[in-house]
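One file, target_36.txt, carrying compact mmCIF, C-alpha atoms and all ligand atoms:
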# COMPACT_ATOMS: atom_id res chain seq x y z
CA MET A 1 59.16 -117.20 265.06
CA PRO A 2 59.44 -119.15 261.78
CA GLN A 3 59.60 -117.10 258.62
CA ARG A 4 56.56 -116.96 256.39
CA VAL A 5 56.54 -118.04 252.76
CA ARG A 6 54.27 -116.50 250.15
CA ILE A 7 52.06 -118.78 248.03
CA THR A 8 50.46 -117.91 244.71
CA ASP A 9 47.99 -120.47 243.43
CA VAL A 10 47.95 -120.35 239.64
CA SER A 11 45.49 -123.19 239.03
CA PRO A 12 42.69 -121.09 237.51
CA ARG A 13 45.20 -119.75 234.96
CA ASP A 14 48.09 -122.17 234.44
CA GLY A 15 45.85 -125.11 235.36
CA LEU A 16 42.78 -124.47 233.28
CA GLN A 17 44.71 -123.21 230.22
CA ASN A 18 46.06 -126.71 229.69
CA GLU A 19 42.85 -128.70 230.04
CA PRO A 20 41.41 -130.25 226.89
CA GLY A 21 37.91 -129.03 227.80
CA ILE A 22 36.66 -125.54 228.58
CA VAL A 23 35.51 -125.12 232.17
CA GLN A 24 32.33 -123.06 232.70
CA THR A 25 32.94 -119.48 233.85
CA ALA A 26 30.79 -119.94 236.97
CA ASP A 27 32.86 -123.02 237.93
CA LYS A 28 36.07 -121.01 237.51
CA ALA A 29 34.65 -118.33 239.82
CA GLU A 30 33.78 -121.03 242.35
CA LEU A 31 37.36 -122.34 242.20
CA VAL A 32 38.79 -118.85 242.78
CA MET A 33 36.47 -118.31 245.76
CA SER A 34 37.34 -121.71 247.16
CA LEU A 35 41.07 -120.90 246.87
CA ALA A 36 40.43 -117.54 248.53
CA ARG A 37 39.06 -119.39 251.58
CA SER A 38 42.24 -121.53 251.80
CA GLY A 39 44.46 -118.61 252.82
CA VAL A 40 46.80 -118.50 249.80
CA ASP A 41 48.30 -115.05 249.32
CA GLU A 42 47.58 -114.60 245.64
CA ILE A 43 45.42 -116.23 243.00
CA GLU A 44 46.31 -115.88 239.33
CA ALA A 45 42.73 -116.05 238.15
CA SER A 46 42.97 -115.95 234.35
CA SER A 47 44.74 -114.54 231.27
CA PHE A 48 43.92 -111.71 228.91
CA VAL A 49 45.58 -113.45 225.97
CA SER A 50 44.32 -114.11 222.46
CA PRO A 51 41.29 -116.45 222.69
CA LYS A 52 42.47 -117.93 219.40
CA TRP A 53 45.65 -119.04 221.13
CA VAL A 54 44.11 -120.11 224.46
CA PRO A 55 40.36 -120.62 224.07
CA GLN A 56 40.19 -122.18 227.53
CA LEU A 57 40.60 -118.71 229.07
CA GLY A 58 38.67 -116.70 226.48
CA ASP A 59 36.04 -115.87 229.09
CA ALA A 60 38.41 -113.79 231.26
CA PRO A 61 36.24 -110.61 231.09
CA LEU A 62 33.17 -112.60 232.16
CA LEU A 63 35.06 -114.31 234.97
CA PHE A 64 36.30 -110.98 236.34
CA ASP A 65 32.75 -109.60 236.06
CA LEU A 66 31.64 -112.37 238.41
CA LEU A 67 34.60 -111.96 240.77
CA GLY A 68 34.06 -108.21 240.92
CA GLN A 69 30.73 -108.86 242.62
CA GLU A 70 32.34 -110.93 245.40
CA GLU A 71 32.40 -108.78 248.54
CA THR A 72 34.89 -111.07 250.31
CA LEU A 73 37.52 -110.46 247.61
CA HIS A 74 37.22 -106.78 248.45
CA SER A 75 38.01 -107.26 252.16
CA ALA A 76 41.33 -106.41 253.78
CA ASP A 77 42.40 -110.03 254.30
CA ALA A 78 41.42 -111.20 250.81
CA PRO A 79 44.14 -112.69 248.60
CA MET A 80 45.63 -110.58 245.84
CA ILE A 81 44.04 -111.32 242.45
CA SER A 82 46.29 -111.25 239.39
CA ALA A 83 45.98 -111.89 235.66
CA LEU A 84 48.41 -112.89 232.92
CA VAL A 85 48.82 -110.42 230.04
CA PRO A 86 51.10 -110.66 226.99
CA ASN A 87 50.76 -107.15 225.61
CA GLU A 88 49.03 -103.76 225.73
CA LYS A 89 45.68 -105.24 224.72
CA GLY A 90 45.93 -107.65 227.65
CA VAL A 91 46.64 -105.00 230.27
CA GLN A 92 43.79 -102.93 228.83
CA GLY A 93 41.56 -105.95 229.51
CA ALA A 94 42.64 -105.89 233.15
CA ILE A 95 42.01 -102.15 233.40
CA ASP A 96 38.55 -102.59 231.86
CA ALA A 97 37.79 -105.38 234.33
CA ASN A 98 38.71 -103.12 237.25
CA GLU A 99 36.59 -100.31 235.86
CA ALA A 100 33.64 -102.67 235.44
CA ALA A 101 34.09 -103.91 239.02
CA GLY A 102 34.32 -100.38 240.35
CA TRP A 103 37.32 -101.30 242.50
CA ARG A 104 40.86 -102.63 242.00
CA LEU A 105 39.95 -106.31 241.70
CA ILE A 106 43.10 -107.11 239.70
CA SER A 107 46.04 -105.59 241.51
CA LYS A 108 48.81 -107.27 239.55
CA VAL A 109 49.37 -108.24 235.92
CA SER A 110 51.93 -110.83 234.87
CA VAL A 111 53.87 -110.50 231.64
CA PHE A 112 55.82 -113.45 230.28
CA THR A 113 58.90 -114.10 228.21
CA ALA A 114 61.47 -116.88 228.18
CA ALA A 115 65.14 -117.75 228.30
CA SER A 116 64.63 -119.80 225.12
CA GLU A 117 64.03 -118.13 221.75
CA THR A 118 62.23 -121.18 220.34
CA PHE A 119 59.79 -121.43 223.23
CA CYS A 120 59.25 -117.67 223.24
CA LYS A 121 58.32 -117.70 219.57
CA LYS A 122 55.93 -120.63 220.01
CA ASN A 123 54.29 -119.06 223.06
CA THR A 124 54.03 -115.43 221.96
CA ASN A 125 54.83 -115.32 218.23
CA ALA A 126 57.69 -112.97 219.10
CA THR A 127 61.40 -113.03 219.85
CA ILE A 128 62.56 -112.44 223.41
CA ASP A 129 63.51 -108.84 222.55
CA GLU A 130 60.14 -108.26 220.86
CA THR A 131 58.33 -109.44 224.00
CA LEU A 132 60.38 -106.98 226.06
CA GLU A 133 59.34 -104.17 223.69
CA ARG A 134 55.71 -105.17 224.20
CA PHE A 135 56.12 -104.85 227.97
CA ILE A 136 56.96 -101.13 227.84
CA PRO A 137 53.34 -99.96 227.29
CA VAL A 138 52.15 -102.71 229.65
CA LEU A 139 54.28 -101.21 232.42
CA GLN A 140 53.03 -97.72 231.68
CA LEU A 141 49.37 -98.69 231.66
CA ALA A 142 49.72 -100.97 234.69
CA GLY A 143 51.36 -98.11 236.60
CA ALA A 144 48.57 -95.72 235.62
CA GLY A 145 46.06 -98.33 236.81
CA ALA A 146 47.95 -98.85 240.11
CA MET A 147 48.69 -102.47 239.25
CA ARG A 148 51.96 -104.20 240.01
CA VAL A 149 53.80 -106.06 237.25
CA ARG A 150 55.24 -109.53 237.65
CA ALA A 151 57.48 -110.89 234.90
CA TYR A 152 57.65 -114.61 234.26
CA LEU A 153 60.85 -116.01 232.85
CA SER A 154 59.93 -119.35 231.29
CA CYS A 155 62.44 -122.09 230.48
CA ALA A 156 64.89 -120.79 233.09
CA ILE A 157 66.20 -124.36 233.42
CA ALA A 158 65.31 -126.11 230.18
CA CYS A 159 63.26 -125.71 227.02
CA PRO A 160 61.07 -128.47 225.55
CA PHE A 161 62.57 -127.69 222.12
CA GLU A 162 66.15 -126.48 222.79
CA GLY A 163 67.02 -128.67 225.79
CA PRO A 164 69.04 -127.38 228.75
CA ILE A 165 69.29 -123.59 229.14
CA ALA A 166 72.50 -122.09 230.51
CA PRO A 167 72.05 -120.23 233.81
CA ALA A 168 73.84 -117.29 232.13
CA LYS A 169 71.03 -117.06 229.55
CA ALA A 170 68.35 -116.98 232.24
CA ALA A 171 70.39 -114.32 234.05
CA GLU A 172 70.72 -112.21 230.89
CA VAL A 173 66.97 -112.08 230.24
CA ALA A 174 66.25 -111.59 233.96
CA SER A 175 68.52 -108.51 233.95
CA LYS A 176 66.68 -107.06 230.97
CA LEU A 177 63.34 -107.55 232.71
CA VAL A 178 64.56 -105.87 235.88
CA ALA A 179 66.03 -103.01 233.83
CA LEU A 180 62.59 -102.48 232.27
CA GLY A 181 61.25 -101.80 235.76
CA VAL A 182 59.06 -104.81 236.53
CA ASP A 183 58.12 -105.14 240.20
CA GLU A 184 58.97 -108.80 240.54
CA LEU A 185 60.53 -111.73 238.72
CA ASP A 186 59.06 -115.22 238.54
CA VAL A 187 61.59 -117.75 237.29
CA ALA A 188 60.03 -120.89 235.89
CA ASP A 189 60.99 -124.49 235.30
CA THR A 190 58.34 -124.72 232.59
CA ILE A 191 58.73 -128.45 231.93
CA GLY A 192 59.59 -129.56 235.44
CA VAL A 193 62.96 -131.15 234.80
CA ALA A 194 65.15 -129.30 237.31
CA THR A 195 67.27 -130.92 239.94
CA PRO A 196 67.78 -129.01 243.21
CA GLU A 197 71.39 -128.34 242.18
CA GLN A 198 70.26 -126.78 238.89
CA ILE A 199 67.75 -124.58 240.73
CA THR A 200 70.51 -123.31 243.01
CA GLN A 201 72.85 -122.67 240.05
CA MET A 202 70.15 -120.80 238.13
CA LEU A 203 69.19 -118.72 241.19
CA ASP A 204 72.86 -117.93 241.85
CA ALA A 205 73.31 -116.70 238.27
CA VAL A 206 70.08 -114.67 238.23
CA LEU A 207 70.76 -113.07 241.61
CA GLU A 208 74.33 -112.26 240.67
CA ALA A 209 72.97 -110.46 237.59
CA VAL A 210 70.06 -108.59 239.19
CA GLY A 211 71.56 -108.13 242.66
CA GLU A 212 71.13 -110.21 245.79
CA HIS A 213 68.64 -107.64 247.16
CA TYR A 214 66.21 -108.80 244.45
CA LEU A 215 65.57 -112.03 246.43
CA GLU A 216 62.62 -110.36 248.13
CA HIS A 217 61.03 -109.75 244.72
CA LEU A 218 61.68 -113.22 243.35
CA THR A 219 59.26 -116.13 242.99
CA LEU A 220 59.92 -119.69 241.85
CA HIS A 221 57.39 -121.37 239.53
CA LEU A 222 57.85 -125.13 239.41
CA HIS A 223 56.22 -127.75 237.27
CA ASP A 224 56.55 -131.27 238.62
CA THR A 225 57.36 -133.84 235.97
CA HIS A 226 59.72 -136.12 237.82
CA GLY A 227 58.57 -135.69 241.41
CA ARG A 228 61.54 -133.46 242.22
CA ALA A 229 59.67 -130.17 242.64
CA ALA A 230 59.51 -130.50 246.45
CA ASP A 231 63.29 -131.04 246.55
CA CYS A 232 63.67 -127.95 244.36
CA VAL A 233 61.51 -125.96 246.81
CA ARG A 234 63.81 -127.03 249.66
CA ALA A 235 66.88 -125.93 247.66
CA ALA A 236 65.26 -122.58 246.86
CA LEU A 237 64.27 -122.05 250.51
CA ASP A 238 67.91 -122.71 251.45
CA ARG A 239 68.94 -120.11 248.84
CA GLY A 240 66.59 -117.56 250.44
CA VAL A 241 63.54 -117.71 248.15
CA ARG A 242 60.34 -116.95 250.11
CA SER A 243 57.72 -116.98 247.37
CA PHE A 244 56.44 -119.91 245.29
CA ASP A 245 53.73 -120.65 242.76
CA SER A 246 51.70 -123.84 242.78
CA ALA A 247 48.36 -125.21 241.61
CA VAL A 248 45.78 -127.24 243.48
CA ALA A 249 45.51 -130.82 242.21
CA GLY A 250 48.83 -130.29 240.43
CA LEU A 251 46.98 -128.82 237.47
CA GLY A 252 48.79 -126.85 234.84
CA GLY A 253 51.16 -126.63 231.95
CA CYS A 254 51.76 -124.29 229.08
CA PRO A 255 50.04 -125.66 225.95
CA PHE A 256 52.95 -124.28 223.90
CA ALA A 257 55.42 -126.34 225.93
CA SER A 258 53.70 -129.55 224.84
CA THR A 259 55.42 -131.59 222.15
CA ALA A 260 53.91 -134.27 219.90
CA ASP A 261 54.40 -137.04 222.44
CA LYS A 262 54.45 -135.12 225.73
CA ARG A 263 51.80 -132.98 227.36
CA ALA A 264 53.26 -130.07 229.32
CA PRO A 265 53.42 -131.11 232.97
CA GLY A 266 51.39 -129.74 235.85
CA ASN A 267 52.57 -127.29 238.50
CA ILE A 268 53.71 -128.42 241.90
CA ASP A 269 50.56 -129.25 243.86
CA THR A 270 49.66 -126.55 246.39
CA GLY A 271 49.13 -129.12 249.15
CA LEU A 272 52.59 -130.56 248.53
CA LEU A 273 54.09 -127.07 248.53
CA VAL A 274 52.42 -126.31 251.87
CA ARG A 275 53.71 -129.55 253.42
CA THR A 276 57.21 -128.96 252.06
CA ILE A 277 57.32 -125.44 253.48
CA ARG A 278 56.14 -126.66 256.88
CA ASP A 279 58.56 -129.61 256.92
CA ALA A 280 61.41 -127.20 256.19
CA GLY A 281 60.49 -125.17 259.29
CA TYR A 282 58.67 -122.25 257.67
CA LEU A 283 55.06 -121.08 257.76
CA PRO A 284 53.08 -121.25 254.52
CA GLY A 285 51.07 -118.10 253.83
CA LEU A 286 52.32 -114.57 254.26
CA ALA A 287 49.66 -113.10 256.49
CA THR A 288 47.51 -116.01 257.64
CA ASP A 289 48.06 -119.73 257.94
CA ILE A 290 46.81 -122.02 255.23
CA ASP A 291 43.53 -123.69 256.16
CA ASP A 292 44.18 -127.33 255.25
CA ASP A 293 40.48 -128.27 255.11
CA ALA A 294 39.67 -125.35 252.82
CA LEU A 295 42.67 -126.19 250.64
CA ALA A 296 41.51 -129.82 250.41
CA LYS A 297 38.07 -128.61 249.32
CA ALA A 298 39.60 -126.39 246.62
CA THR A 299 41.72 -129.33 245.48
CA SER A 300 38.68 -131.63 245.21
CA LEU A 301 36.77 -128.95 243.34
CA ALA A 302 39.62 -128.46 240.84
CA SER A 303 39.93 -132.22 240.36
CA ALA A 304 36.21 -132.64 239.81
CA MET A 305 35.94 -129.84 237.27
CA THR A 306 38.87 -131.13 235.21
CA ALA A 307 38.29 -134.90 235.38
CA ASP A 308 37.69 -136.09 231.86
CA LYS A 309 34.63 -137.87 230.57
CA HIS A 310 36.25 -141.27 231.15
CA GLY A 311 36.55 -140.54 234.83
CA ARG A 312 40.33 -140.27 234.84
CA PRO A 313 41.67 -137.75 237.32
CA ALA A 314 42.93 -134.40 236.15
CA GLY A 315 46.15 -132.48 235.88
CA LYS A 316 49.48 -134.21 236.26
CA HIS A 317 47.78 -137.51 236.99
CA ALA A 318 45.95 -137.53 233.66
CA GLY A 319 46.83 -140.10 231.06
CA GLY A 320 47.49 -139.43 227.38
CA ARG A 321 49.93 -136.72 226.38
CA GLN A 322 51.61 -136.79 229.76
CA ALA A 323 55.21 -135.64 230.16
P1 LIG A 401 49.64 -112.85 217.40
O1 LIG A 401 48.74 -113.74 216.62
O2 LIG A 401 51.03 -112.67 216.93
O3 LIG A 401 49.02 -111.43 217.73
O4 LIG A 401 49.67 -113.42 218.89
P2 LIG A 401 48.35 -110.30 216.89
O5 LIG A 401 48.73 -109.03 217.52
O6 LIG A 401 48.62 -110.52 215.43
O7 LIG A 401 46.80 -110.55 217.18
C1 LIG A 401 46.12 -111.69 216.70
C2 LIG A 401 44.70 -111.64 217.23
O8 LIG A 401 44.71 -111.78 218.66
C3 LIG A 401 43.99 -110.32 216.95
O9 LIG A 401 42.62 -110.61 216.82
C4 LIG A 401 44.22 -109.54 218.20
O10 LIG A 401 43.25 -108.55 218.43
C5 LIG A 401 44.10 -110.63 219.26
P3 LIG A 401 41.91 -110.70 215.38
O11 LIG A 401 42.13 -109.35 214.75
O12 LIG A 401 42.61 -111.83 214.63
O13 LIG A 401 40.48 -111.02 215.71
N1 LIG A 401 44.84 -110.32 220.47
C6 LIG A 401 44.30 -110.41 221.70
N2 LIG A 401 43.08 -110.78 222.12
C7 LIG A 401 42.86 -110.76 223.45
N3 LIG A 401 43.79 -110.40 224.36
C8 LIG A 401 45.02 -110.05 223.96
C9 LIG A 401 45.31 -110.03 222.57
N4 LIG A 401 46.40 -109.72 221.87
C10 LIG A 401 46.10 -109.89 220.58
N5 LIG A 401 45.92 -109.70 224.87
C11 LIG A 401 49.81 -113.08 221.27
C12 LIG A 401 50.42 -112.78 219.90
C13 LIG A 401 50.80 -112.67 222.32
C14 LIG A 401 48.52 -112.31 221.40
C15 LIG A 401 49.54 -114.60 221.33
O14 LIG A 401 50.72 -115.26 221.05
C16 LIG A 401 49.03 -115.05 222.66
O15 LIG A 401 47.94 -114.71 223.09
N6 LIG A 401 49.85 -115.88 223.35
C17 LIG A 401 49.47 -116.35 224.68
C18 LIG A 401 50.08 -117.67 224.90
C19 LIG A 401 49.74 -118.14 226.29
O16 LIG A 401 48.80 -117.70 226.92
N7 LIG A 401 50.54 -119.11 226.76
C20 LIG A 401 50.35 -119.69 228.08
C21 LIG A 401 50.73 -118.77 229.17
S1 LIG A 401 52.49 -118.68 229.45
C22 LIG A 401 52.81 -120.02 230.49
O17 LIG A 401 51.97 -120.85 230.70
C23 LIG A 401 54.15 -120.11 231.15
C24 LIG A 401 54.08 -119.71 232.63
O18 LIG A 401 53.17 -120.53 233.34
C25 LIG A 401 55.46 -119.85 233.27
C26 LIG A 401 56.10 -121.20 232.96
O19 LIG A 401 55.62 -122.22 233.44
O20 LIG A 401 57.06 -121.18 232.19
C27 LIG A 401 53.63 -118.26 232.79
MG MG A 402 53.62 -122.49 234.19
Can you give me the file's structure in the form of structure tokens?
Ligand code: HMG
Ligand code: MG
Amino acid sequence: MPQRVRITDVSPRDGLQNEPGIVQTADKAELVMSLARSGVDEIEASSFVSPKWVPQLGDAPLLFDLLGQEETLHSADAPMISALVPNEKGVQGAIDANEAAGWRLISKVSVFTAASETFCKKNTNATIDETLERFIPVLQLAGAGAMRVRAYLSCAIACPFEGPIAPAKAAEVASKLVALGVDELDVADTIGVATPEQITQMLDAVLEAVGEHYLEHLTLHLHDTHGRAADCVRAALDRGVRSFDSAVAGLGGCPFASTADKRAPGNIDTGLLVRTIRDAGYLPGLATDIDDDALAKATSLASAMTADKHGRPAGKHAGGRQA
């Protein structure tokens, strides 16, 4: 029996945070519900971050109000719903959303730091160590609210400002995150420049630092600038990784990874991830198979809601500040 591979679609969060326009809350809810029908294991639905920093996701409380009313998200085979949080205020937002829903709608919060000081400062207005300090109350509150904590490690391969990042640096910050007691690590190629060899080297260094047993708690988050993300997935599968992030329509990018002449690139497209997993001899989706028709519908929906006024397609295919 082929092994199963976990898929987290981050398009409502990583995707919509990087769009020039603000998508209506009801449309975001429709995208989440459409993704839920596709069979992905987890949907990162939004962020409780400062709306001054990311206005595109400033409606997170309203979105979770809508999602809390969706009976199907409450069922046993529903995907896990998660939210990105930078600090105590963010996790409190997730707790409030669960209280308002009357059930544990958000069962995981994702904190984020980086292996690059420059990127970390631009993304969170804090040093790497300061972000780690901020995670201590997040972990406490998340635990009290019965929510898991994922920790993103951005720029694990390269930084848009500092250039290549040594695998040893990614490993050092990964160790600190694990020592804090996060439940899982999500290592990210934020600007999508990795080669498969670099992915393997980075994973080797991180796993040597945190222990090989941590593989089962490790996810790879790939952006796809040069069309190499699928090759990187294959390398990571060979290295034992069984959990990946992606975004329908290849949406995504961290606004604070954009530089004057380059827009931060989109995530690996979920459809491409699914095909790559199948071609490598694994089954996409942890519990159920991915429904290709439902995934295609979610992809069309995401494309339609992010296509700009000039009719150009969205996400990584968009023109302009493209990486
Ligand atoms: P700051 O300005 O240093 O924070 O920002 P502050 O504590 O001084 O607060 C400033 C204002 O924000 C205050 O409001 C706070 O209440 C409010 P004011 O008094 O001015 O009205 N505030 C908040 N509001 C809502 N929710 C919160 C929150 N916290 C403070 N949680 C801060 C520090 C971390 C808040 C800011 O830098 C921030 O929000 N950054 C988020 C950046 C972000 O979302 N980046 C994209 C996600 S990361 C990513 O995409 C990478 C990833 O995909 C992996 C990869 O690809 O690498 C995950
Ligand atoms: Mg990202």
> Would you name the residues within 8 Å of ligand LIG 401 (chain A), counting only C-alpha atoms and all ligand atoms, and put them as a ChimeraX atom specification?
Replying inline: /A:14,17,47-54,58,84-91,93,110-114,122-126,152-156,186-191,221-223,252-256,267
Save the residues we just selected, C-alpha atoms, as a CSV table (one decimal), in the coordinates of the input?
chain,number,residue,atom,x,y,z
A,14,ASP,CA,48.1,-122.2,234.4
A,17,GLN,CA,44.7,-123.2,230.2
A,47,SER,CA,44.7,-114.5,231.3
A,48,PHE,CA,43.9,-111.7,228.9
A,49,VAL,CA,45.6,-113.4,226.0
A,50,SER,CA,44.3,-114.1,222.5
A,51,PRO,CA,41.3,-116.4,222.7
A,52,LYS,CA,42.5,-117.9,219.4
A,53,TRP,CA,45.6,-119.0,221.1
A,54,VAL,CA,44.1,-120.1,224.5
A,58,GLY,CA,38.7,-116.7,226.5
A,84,LEU,CA,48.4,-112.9,232.9
A,85,VAL,CA,48.8,-110.4,230.0
A,86,PRO,CA,51.1,-110.7,227.0
A,87,ASN,CA,50.8,-107.2,225.6
A,88,GLU,CA,49.0,-103.8,225.7
A,89,LYS,CA,45.7,-105.2,224.7
A,90,GLY,CA,45.9,-107.6,227.6
A,91,VAL,CA,46.6,-105.0,230.3
A,93,GLY,CA,41.6,-106.0,229.5
A,110,SER,CA,51.9,-110.8,234.9
A,111,VAL,CA,53.9,-110.5,231.6
A,112,PHE,CA,55.8,-113.4,230.3
A,113,THR,CA,58.9,-114.1,228.2
A,114,ALA,CA,61.5,-116.9,228.2
A,122,LYS,CA,55.9,-120.6,220.0
A,123,ASN,CA,54.3,-119.1,223.1
A,124,THR,CA,54.0,-115.4,222.0
A,125,ASN,CA,54.8,-115.3,218.2
A,126,ALA,CA,57.7,-113.0,219.1
A,152,TYR,CA,57.6,-114.6,234.3
A,153,LEU,CA,60.8,-116.0,232.8
A,154,SER,CA,59.9,-119.4,231.3
A,155,CYS,CA,62.4,-122.1,230.5
A,156,ALA,CA,64.9,-120.8,233.1
A,186,ASP,CA,59.1,-115.2,238.5
A,187,VAL,CA,61.6,-117.8,237.3
A,188,ALA,CA,60.0,-120.9,235.9
A,189,ASP,CA,61.0,-124.5,235.3
A,190,THR,CA,58.3,-124.7,232.6
A,191,ILE,CA,58.7,-128.4,231.9
A,221,HIS,CA,57.4,-121.4,239.5
A,222,LEU,CA,57.8,-125.1,239.4
A,223,HIS,CA,56.2,-127.8,237.3
A,252,GLY,CA,48.8,-126.8,234.8
A,253,GLY,CA,51.2,-126.6,232.0
A,254,CYS,CA,51.8,-124.3,229.1
A,255,PRO,CA,50.0,-125.7,226.0
A,256,PHE,CA,53.0,-124.3,223.9
A,267,ASN,CA,52.6,-127.3,238.5
> Any idea what's packed within 10 Å of region 284-298 of chain A, counting all atoms listed in the file, ignoring anything in its chain fewer than 2 positions away? Could you give it as a ChimeraX atom specification?
Replying inline: /A:2-8,30-42,77,79,242-244,248-249,270-271,273-278,281-282,300-304
Kindly save the residues from that selection, with C-alpha atoms included, as a tab-separated table (two decimals), keeping the file's coordinate frame.
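Dumped everything to part12.tsv:
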chain	number	residue	atom	x	y	z
A	2	PRO	CA	59.44	-119.15	261.78
A	3	GLN	CA	59.60	-117.10	258.62
A	4	ARG	CA	56.56	-116.96	256.39
A	5	VAL	CA	56.54	-118.04	252.76
A	6	ARG	CA	54.27	-116.50	250.15
A	7	ILE	CA	52.06	-118.78	248.03
A	8	THR	CA	50.46	-117.91	244.71
A	30	GLU	CA	33.78	-121.03	242.35
A	31	LEU	CA	37.36	-122.34	242.20
A	32	VAL	CA	38.79	-118.85	242.78
A	33	MET	CA	36.47	-118.31	245.76
A	34	SER	CA	37.34	-121.71	247.16
A	35	LEU	CA	41.07	-120.90	246.87
A	36	ALA	CA	40.43	-117.54	248.53
A	37	ARG	CA	39.06	-119.39	251.58
A	38	SER	CA	42.24	-121.53	251.80
A	39	GLY	CA	44.46	-118.61	252.82
A	40	VAL	CA	46.80	-118.50	249.80
A	41	ASP	CA	48.30	-115.05	249.32
A	42	GLU	CA	47.58	-114.60	245.64
A	77	ASP	CA	42.40	-110.03	254.30
A	79	PRO	CA	44.14	-112.69	248.60
A	242	ARG	CA	60.34	-116.95	250.11
A	243	SER	CA	57.72	-116.98	247.37
A	244	PHE	CA	56.44	-119.91	245.29
A	248	VAL	CA	45.78	-127.24	243.48
A	249	ALA	CA	45.51	-130.82	242.21
A	270	THR	CA	49.66	-126.55	246.39
A	271	GLY	CA	49.13	-129.12	249.15
A	273	LEU	CA	54.09	-127.07	248.53
A	274	VAL	CA	52.42	-126.31	251.87
A	275	ARG	CA	53.71	-129.55	253.42
A	276	THR	CA	57.21	-128.96	252.06
A	277	ILE	CA	57.32	-125.44	253.48
A	278	ARG	CA	56.14	-126.66	256.88
A	281	GLY	CA	60.49	-125.17	259.29
A	282	TYR	CA	58.67	-122.25	257.67
A	300	SER	CA	38.68	-131.63	245.21
A	301	LEU	CA	36.77	-128.95	243.34
A	302	ALA	CA	39.62	-128.46	240.84
A	303	SER	CA	39.93	-132.22	240.36
A	304	ALA	CA	36.21	-132.64	239.81
> Out of A:Ala100, A:Ile95, A:Ala179, A:Leu105, which residue has the shortest atom-to-atom distance to Met80 (chain A) when counting all atoms listed in the file?
Replying inline: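 For Met80 (chain A), the nearest of the given residues is A:Leu105.
If you look at CA of Ala101 (chain A) and CA of Gly145 (chain A), they are 13.4 Å away from each other.
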> With all atoms listed in the file as the atoms that count, which of A:Leu16, A:Ala168, A:Ala26, A:Ala78 lies nearest to Leu62 (chain A)?
Replying inline: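 Nearest candidate to Leu62 (chain A) out of A:Leu16, A:Ala168, A:Ala26, A:Ala78: A:Ala26.
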> What does the distance between CA of Gly266 (chain A) and CA of Asp65 (chain A) come to in Å, to one decimal place?
Replying inline: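 According to the coordinates, CA of Gly266 (chain A) and CA of Asp65 (chain A) are separated by 27.4 Å.
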Around region 18-24 of chain A, fit a box with edges along x, y and z, padding it by 3 Å on each side, then list its centre and edge lengths in Å to one decimal as JSON.
{"center_x": 39.2, "center_y": -126.7, "center_z": 229.8, "size_x": 19.7, "size_y": 13.2, "size_z": 11.8}
> Interatomic distance between CA of Ala76 (chain A) and CA of Leu63 (chain A)?
Replying inline: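 Distance reported for this atom pair: 21.3 Å.
Around Asp129 (chain A), within 12 Å and counting all atoms listed in the file, the residues found are Phe112, Thr113, Ala114, Ala115, Ser116, Glu117, Cys120, Lys121, Thr124, Arg134, Phe135, Ile136, Glu172, Val173, Lys176, Leu177 and Leu180 of chain A, once anything fewer than 5 positions away on its own chain is removed.
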Same residues, C-alpha atoms, output as a tab-separated table (two decimals), keeping the file's coordinate frame:
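Okay, this is what ended up in part-v2.tsv:
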chain	number	residue	atom	x	y	z
A	112	PHE	CA	55.82	-113.45	230.28
A	113	THR	CA	58.90	-114.10	228.21
A	114	ALA	CA	61.47	-116.88	228.18
A	115	ALA	CA	65.14	-117.75	228.30
A	116	SER	CA	64.63	-119.80	225.12
A	117	GLU	CA	64.03	-118.13	221.75
A	120	CYS	CA	59.25	-117.67	223.24
A	121	LYS	CA	58.32	-117.70	219.57
A	124	THR	CA	54.03	-115.43	221.96
A	134	ARG	CA	55.71	-105.17	224.20
A	135	PHE	CA	56.12	-104.85	227.97
A	136	ILE	CA	56.96	-101.13	227.84
A	172	GLU	CA	70.72	-112.21	230.89
A	173	VAL	CA	66.97	-112.08	230.24
A	176	LYS	CA	66.68	-107.06	230.97
A	177	LEU	CA	63.34	-107.55	232.71
A	180	LEU	CA	62.59	-102.48	232.27
> Residues at most 7 Å from Arg13 (chain A), counting all atoms listed in the file, excluding those fewer than 5 positions away in the same chain, as a ChimeraX atom specification?
Replying inline: /A:44-47
